[in-house]
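First up is the structure itself, then whatever we jot down about it.
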Amino acid sequence: MKVTENANLHDNYCLLKLRADGALPEMRPGQFVQVWVTHSPAVFLRRPISIHYVDRERNELWLLIQKVGEATRAMAAYSPGDTLNLLLPLGNGFTILSKTSDKRKLLLIGGGVGIAPLLFLGERLQAEGFAPNFLLGARTKDDLLQLEDFQRFGTVYTTTEDGSQGEKGYVTQHSILGKTRFDYLYTCGPKPMMMAVARYAASALIPCEVSLENTMACGIGACLCCVENTTQGHVCVCTEGPVFNIDKLKWLI
Amino acid sequence: MADLRVNIGKLSLKNPVTTASGTFGYGTEYADFMDIERLGGIFVKGTTLEAREGNPYPRMAETPAGMLNAVGLQNKGAEYFTDAIYPKLKELDTNIIVNVSGSSIDSYVACAEKIAALGKIPAIELNISCPNVKKGGMAFGVSAAGAAEVVRAVRKVYPRTLIVKLSPNVTDITEIAKAAEAEGADSLSLINTLLGMAIDAGKRKPILSTVTGGLSGPCVKPISLRMVWQTYQAVKIPIIGLGGISNWRDAVEFLLAGAAAIQIGTYNFIDPSASLDVIDGINAYCDEYGIKSVSELSGALEI
Ligand SMILES: Cc1cc2nc3c(=O)[nH]c(=O)nc-3n(C[C@H](O)[C@H](O)[C@H](O)COP(=O)(O)OP(=O)(O)OC[C@H]3O[C@@H](n4cnc5c(N)ncnc54)[C@H](O)[C@@H]3O)c2cc1C
Ligand SMILES: Cc1cc2nc3c(=O)[nH]c(=O)nc-3n(C[C@H](O)[C@H](O)[C@H](O)COP(=O)(O)O)c2cc1C
Ligand code: FES
């Protein structure tokens with residue numbers, strides 16, 4: 001795929017837009033791609049990155065990337081015209097509730113770069129007739145990304161740890177959780193955050209799906225490196241996940 | 001177009017390029033990315049008599065030009081393979097070879113017997129070299145006496161092609177190779193992973209749940225190549241070379257060092273169809289140098 005645009009967002013993130021030569025395959029929110037970073041000798045394995053958004057009109061795939069190490073910094077340095085080798089789409093994806101579901105109040109909770117798959121999810125849910133709510137948390141207001149894009153698909157609530165935007169604190173402390181009874185939760189972010197959300201969901205008896213970020217090698221179910229211990233034993237996050245219902249996980253909630 | 005066919009014991013491969021156990025699942029995982037029937041063979045993931053959950057996560061650490069793994073032979077057991085996997089694989093037009101592991105002589109033998117009952121599996125690869133299981137596995141593969149004992153026992157019950165996979169974590173691999181040959185192995189594959197370790201300095205903790213794990217990928221290639229060359233001089237049975245192969249040039253180097261066939265392992269993770277490029281590359285190499293049959297290359301190193 002060819003890079004059409006690569007925008008640095010603040011210091012630590014980039015939004016990479018890629019165009020396919022042929023038509024993009026069907027993709028589901030929550031699925032991911034495996035990026036081959038060819039020009040950085042320190043990087044050997046491919047890197048899993050969530051599908052942030054699919055722009056069908058422009059035949060574009062968007063990735064939202066946080067620069068944490070060699071590979072992600074190399075991705076941030078791509079320029080328009082560069083070509084990338086990607087395996088896609090991988091993984092299972094979030095459950096898209098049916099149009100007629102009685103679960104109408106949906107909350108999509110994202111932390112840090114974990115907000116990435118929620119934009120695509122929000123778009124798809126809106127297309128299915130839902131009015132999704134987003135609760136996005138970050139350290140500071142500079143780490144809250146893509147807010148205007150999220151606002152196109154639903155209502156956005158925010159928290160920051162330093163209080164520089166939205167409510168001060170963690171997502172699980174946001175007042176909306178006390179005011180509205182949600183029917184279904186989706187979450188992606190740092191593991192401690194997802195565990196806090198899972199604890200909240202379990203205690204409030206709300207169904208909840210989490211998207212895990214276990215480290216991967218192959219990304220296609222061949223190596224068994226990415227396993228999560230579930231009620232069904234060790235299962236591959238890359239093929240049976242990355243999205244799991246919290247009922248299946250053996251987290252101490 | 002050179003003749004790419006090679007024989008390993010009674011097993012005939014349409015070309016010398018196969019994929020390594022534990023890196024290619026059951027083959028079907030890769031069917032979306034390539035035509036797996038073009039391969040000479042597929043060594044499917046390590047199978048034990050009983051199901052194994054494997055080691056806890058984290059099981060993987062990236063290294064310069066390679067990776068460490070500590071999967072620990074997670075698999076659903078020989079019966080599951082027979083009932084659920086074999087029916088899907090038996091119609092494939094390539095050789096499916098099952099990698100057999102155990103924790104005792106009895107469990108190796110029982111697992112080999114179960115696989116022997118499957119008519120469309122022409123060979124097994126006896127894994128006496130896995131560094132990731134506490135009991136057994138490598139324990140057999142690190143001494144000539146241990147290797148001899150397990151090969152002897154399995155040979156008695158397994159009539160088809162018996163390939164023995166050797167561990168590089170030994171002082172002299174040729175001693176183990178000779179012991180396996182003496183007990184009736186039809187072929188040797190080498191190498192399995194090298195015992196290694198990774199530490200997270202910030203956390204002062206090991207990265208792998210098992211502390212140590214098996215190193216693989218391009219970084220191990222000089223070692224595996226050396227071991228293939230040494231073993232080639234010590235035994236008469238055909239050798240399947242592996243360890244760090246990522247392109248046709250690597251593959252040809254292994255053939256020249258004495259391998260009759262090769263396996264591609266970790267590099268499948270980087271480029272799922274790399275093995276097909278290797279087949280094409282070997283063919284082009286043969287054409288360029290006027291080699292009519294790829295088997296002429298085996299051990300053709302000039303020193
Ligand atoms: C299914 C899935 C989807 C993902 N989606 C995104 C995404 O949309 N955007 C994004 O920026 N990142 C995403 N990640 C995380 C991303 O894969 C890692 O940040 C990346 O591999 C780090 O590579 P690196 O070479 O830059 O850093 P490395 O040098 O490999 O690591 C730098 C630091 O990041 C940590 N790290 C490495 N890999 C991971 C990981 N898989 N999960 C969490 N921490 C890790 C390391 O422990 C280390 O502290 C996703 C991961 C998974 C498994
Ligand atoms: C994730 C992973 C799992 C493996 N599992 C097995 C296994 O079950 N049985 C086995 O004999 N070797 C196993 N191996 C070893 C490989 O088959 C091969 O011997 C080794 O990786 C060296 O080759 P390479 O550098 O081409 O990968 C595994 C390797 C990896 C990376
Ligand atoms: S990353 Fe290889 S099985 Fe999931």
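Chain labels run A, B, ... following the order of the structure tokens; each chain numbers its residues from 1, and ligands are numbered from 1 in the order shown.
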Dump the neighbourhood of ligand 3 as JSON, numbers by chain: all residues within 10 Å, distances computed on only C-alpha atoms and all ligand atoms.
{"A": [34, 46, 47, 48, 91, 214, 215, 216, 217, 218, 219, 220, 221, 222, 223, 224, 225, 226, 227, 228, 235, 236, 237, 238, 239, 240, 241, 242], "B": [22, 23, 24, 25, 29, 60, 269]}
To check your reading of the model: which residues sit at most 6 Å from ligand 1 when counting only C-alpha atoms and all ligand atoms? Write the answer as a list in words.
Phe32, Arg47, Pro48, Ile49, Ser50, Leu64, Ile65, Gln66, Lys67, Val68, Gly69, Glu70, Ala71, Thr72, Arg73, Val113, Ala116, Glu213, Asn214, Thr215 and Pro242 of chain A
Compute the set of chain B residues within 9 Å of chain A, using only C-alpha atoms, and express it as an MDAnalysis selection string.
chainID B and resid 22:27 29:30 33 45 53:54 56:67 69:71 74 266:272
Could you list, as an NGL selection string, all protein and nucleic acid residues with an atom at most 7 Å from ligand 2, counting only C-alpha atoms and all ligand atoms?
(:A and (223-225)) or (:B and (20-23 or 45-46 or 67-69 or 71 or 73 or 99 or 127 or 129-130 or 165 or 190-193 or 216-218 or 220-221 or 242-245 or 263-267))
Between A:Leu118, A:Leu97, A:Leu145, A:Val3, which is the closest to Gln31 (chain A) once you count only C-alpha atoms?
A:Leu118
Contact residues around region 37-40 of chain B with only C-alpha atoms at 10 Å, ignoring same-chain residues under 4 positions, as JSON, numbers by chain:
{"B": [4, 5, 6, 12, 13, 14, 15, 16, 17, 18, 19, 27, 31, 92, 93, 94, 95, 96, 261, 262, 263, 275, 276, 279]}
Emit the selected residues as an mmCIF file, in the first residue's frame, including N, CA, C and O atoms.
data_model
loop_
_atom_site.group_PDB
_atom_site.id
_atom_site.type_symbol
_atom_site.label_atom_id
_atom_site.label_comp_id
_atom_site.auth_asym_id
_atom_site.auth_seq_id
_atom_site.Cartn_x
_atom_site.Cartn_y
_atom_site.Cartn_z
ATOM 1 N N LEU B 4 14.038 -30.294 -9.382
ATOM 2 C CA LEU B 4 14.160 -29.876 -7.981
ATOM 3 C C LEU B 4 13.839 -31.004 -6.999
ATOM 4 O O LEU B 4 13.886 -30.818 -5.787
ATOM 5 N N ARG B 5 13.498 -32.169 -7.528
ATOM 6 C CA ARG B 5 13.075 -33.256 -6.623
ATOM 7 C C ARG B 5 14.244 -33.760 -5.768
ATOM 8 O O ARG B 5 15.382 -33.861 -6.249
ATOM 9 N N VAL B 6 13.936 -34.070 -4.516
ATOM 10 C CA VAL B 6 14.947 -34.683 -3.642
ATOM 11 C C VAL B 6 14.276 -35.792 -2.831
ATOM 12 O O VAL B 6 13.061 -35.777 -2.629
ATOM 13 N N SER B 12 9.688 -38.660 -0.904
ATOM 14 C CA SER B 12 10.131 -37.820 -2.026
ATOM 15 C C SER B 12 9.473 -36.454 -1.952
ATOM 16 O O SER B 12 8.267 -36.343 -1.757
ATOM 17 N N LEU B 13 10.304 -35.452 -2.105
ATOM 18 C CA LEU B 13 9.833 -34.071 -2.057
ATOM 19 C C LEU B 13 9.895 -33.496 -3.468
ATOM 20 O O LEU B 13 10.858 -33.740 -4.189
ATOM 21 N N LYS B 14 8.891 -32.689 -3.827
ATOM 22 C CA LYS B 14 8.934 -32.131 -5.184
ATOM 23 C C LYS B 14 9.987 -31.040 -5.313
ATOM 24 O O LYS B 14 10.414 -30.692 -6.414
ATOM 25 N N ASN B 15 10.387 -30.493 -4.178
ATOM 26 C CA ASN B 15 11.511 -29.557 -4.156
ATOM 27 C C ASN B 15 12.051 -29.548 -2.731
ATOM 28 O O ASN B 15 11.392 -30.044 -1.814
ATOM 29 N N PRO B 16 13.254 -29.015 -2.520
ATOM 30 C CA PRO B 16 13.877 -29.150 -1.203
ATOM 31 C C PRO B 16 13.401 -28.143 -0.158
ATOM 32 O O PRO B 16 13.974 -28.074 0.936
ATOM 33 N N VAL B 17 12.365 -27.386 -0.479
ATOM 34 C CA VAL B 17 11.956 -26.305 0.422
ATOM 35 C C VAL B 17 10.735 -26.722 1.247
ATOM 36 O O VAL B 17 9.673 -27.022 0.701
ATOM 37 N N THR B 18 10.915 -26.715 2.552
ATOM 38 C CA THR B 18 9.832 -27.068 3.464
ATOM 39 C C THR B 18 9.743 -25.977 4.543
ATOM 40 O O THR B 18 10.599 -25.095 4.610
ATOM 41 N N THR B 19 8.701 -26.061 5.373
ATOM 42 C CA THR B 19 8.553 -25.064 6.438
ATOM 43 C C THR B 19 8.699 -25.743 7.795
ATOM 44 O O THR B 19 8.324 -26.896 7.971
ATOM 45 N N GLY B 27 -0.163 -25.302 8.503
ATOM 46 C CA GLY B 27 -0.071 -24.996 7.078
ATOM 47 C C GLY B 27 -1.253 -24.177 6.595
ATOM 48 O O GLY B 27 -1.090 -23.195 5.878
ATOM 49 N N ALA B 31 -2.606 -20.454 4.048
ATOM 50 C CA ALA B 31 -3.228 -20.660 2.737
ATOM 51 C C ALA B 31 -3.778 -19.361 2.134
ATOM 52 O O ALA B 31 -3.881 -19.237 0.924
ATOM 53 N N LEU B 92 -4.076 -32.555 0.873
ATOM 54 C CA LEU B 92 -3.137 -31.584 0.306
ATOM 55 C C LEU B 92 -2.084 -32.288 -0.547
ATOM 56 O O LEU B 92 -1.601 -33.362 -0.206
ATOM 57 N N ASP B 93 -1.717 -31.624 -1.633
ATOM 58 C CA ASP B 93 -0.722 -32.191 -2.523
ATOM 59 C C ASP B 93 0.689 -31.740 -2.113
ATOM 60 O O ASP B 93 1.394 -31.065 -2.860
ATOM 61 N N THR B 94 1.051 -32.054 -0.874
ATOM 62 C CA THR B 94 2.422 -31.833 -0.412
ATOM 63 C C THR B 94 2.620 -32.776 0.765
ATOM 64 O O THR B 94 1.655 -33.357 1.257
ATOM 65 N N ASN B 95 3.865 -32.944 1.205
ATOM 66 C CA ASN B 95 4.114 -33.855 2.320
ATOM 67 C C ASN B 95 3.840 -33.174 3.653
ATOM 68 O O ASN B 95 4.414 -32.130 3.947
ATOM 69 N N ILE B 96 2.975 -33.793 4.446
ATOM 70 C CA ILE B 96 2.719 -33.283 5.791
ATOM 71 C C ILE B 96 3.509 -34.151 6.760
ATOM 72 O O ILE B 96 3.297 -35.367 6.849
ATOM 73 N N ALA B 261 17.811 -31.001 1.936
ATOM 74 C CA ALA B 261 16.619 -30.157 1.873
ATOM 75 C C ALA B 261 16.744 -29.112 2.979
ATOM 76 O O ALA B 261 17.647 -29.196 3.821
ATOM 77 N N ILE B 262 15.840 -28.149 2.965
ATOM 78 C CA ILE B 262 15.915 -27.096 3.986
ATOM 79 C C ILE B 262 14.511 -26.796 4.535
ATOM 80 O O ILE B 262 13.504 -27.131 3.915
ATOM 81 N N GLN B 263 14.487 -26.177 5.690
ATOM 82 C CA GLN B 263 13.235 -25.693 6.272
ATOM 83 C C GLN B 263 13.357 -24.188 6.501
ATOM 84 O O GLN B 263 14.421 -23.694 6.871
ATOM 85 N N SER B 275 8.881 -18.739 1.466
ATOM 86 C CA SER B 275 9.315 -20.073 1.035
ATOM 87 C C SER B 275 9.130 -20.263 -0.463
ATOM 88 O O SER B 275 9.929 -20.963 -1.098
ATOM 89 N N LEU B 276 8.110 -19.656 -1.028
ATOM 90 C CA LEU B 276 7.898 -19.809 -2.471
ATOM 91 C C LEU B 276 8.968 -19.044 -3.249
ATOM 92 O O LEU B 276 9.455 -19.514 -4.288
ATOM 93 N N ILE B 279 11.979 -21.249 -3.405
ATOM 94 C CA ILE B 279 11.904 -22.282 -4.451
ATOM 95 C C ILE B 279 12.310 -21.667 -5.805
ATOM 96 O O ILE B 279 13.163 -22.196 -6.520
#
Which parts of region 33-180 of chain A does DSSP call strand (DSSP E or B) when run on the backbone here, written out as a ChimeraX atom specification?
/A:33-36,47-50,53-55,60-66,83,85-90,106-111,133-138,155-160,167-168
Report as a ChimeraX atom specification all protein, DNA and RNA residues lying within 6 Å of Leu188 (chain B), evaluated on only C-alpha atoms, omitting residues in the same chain fewer than 3 positions from it.
/B:163-165,239
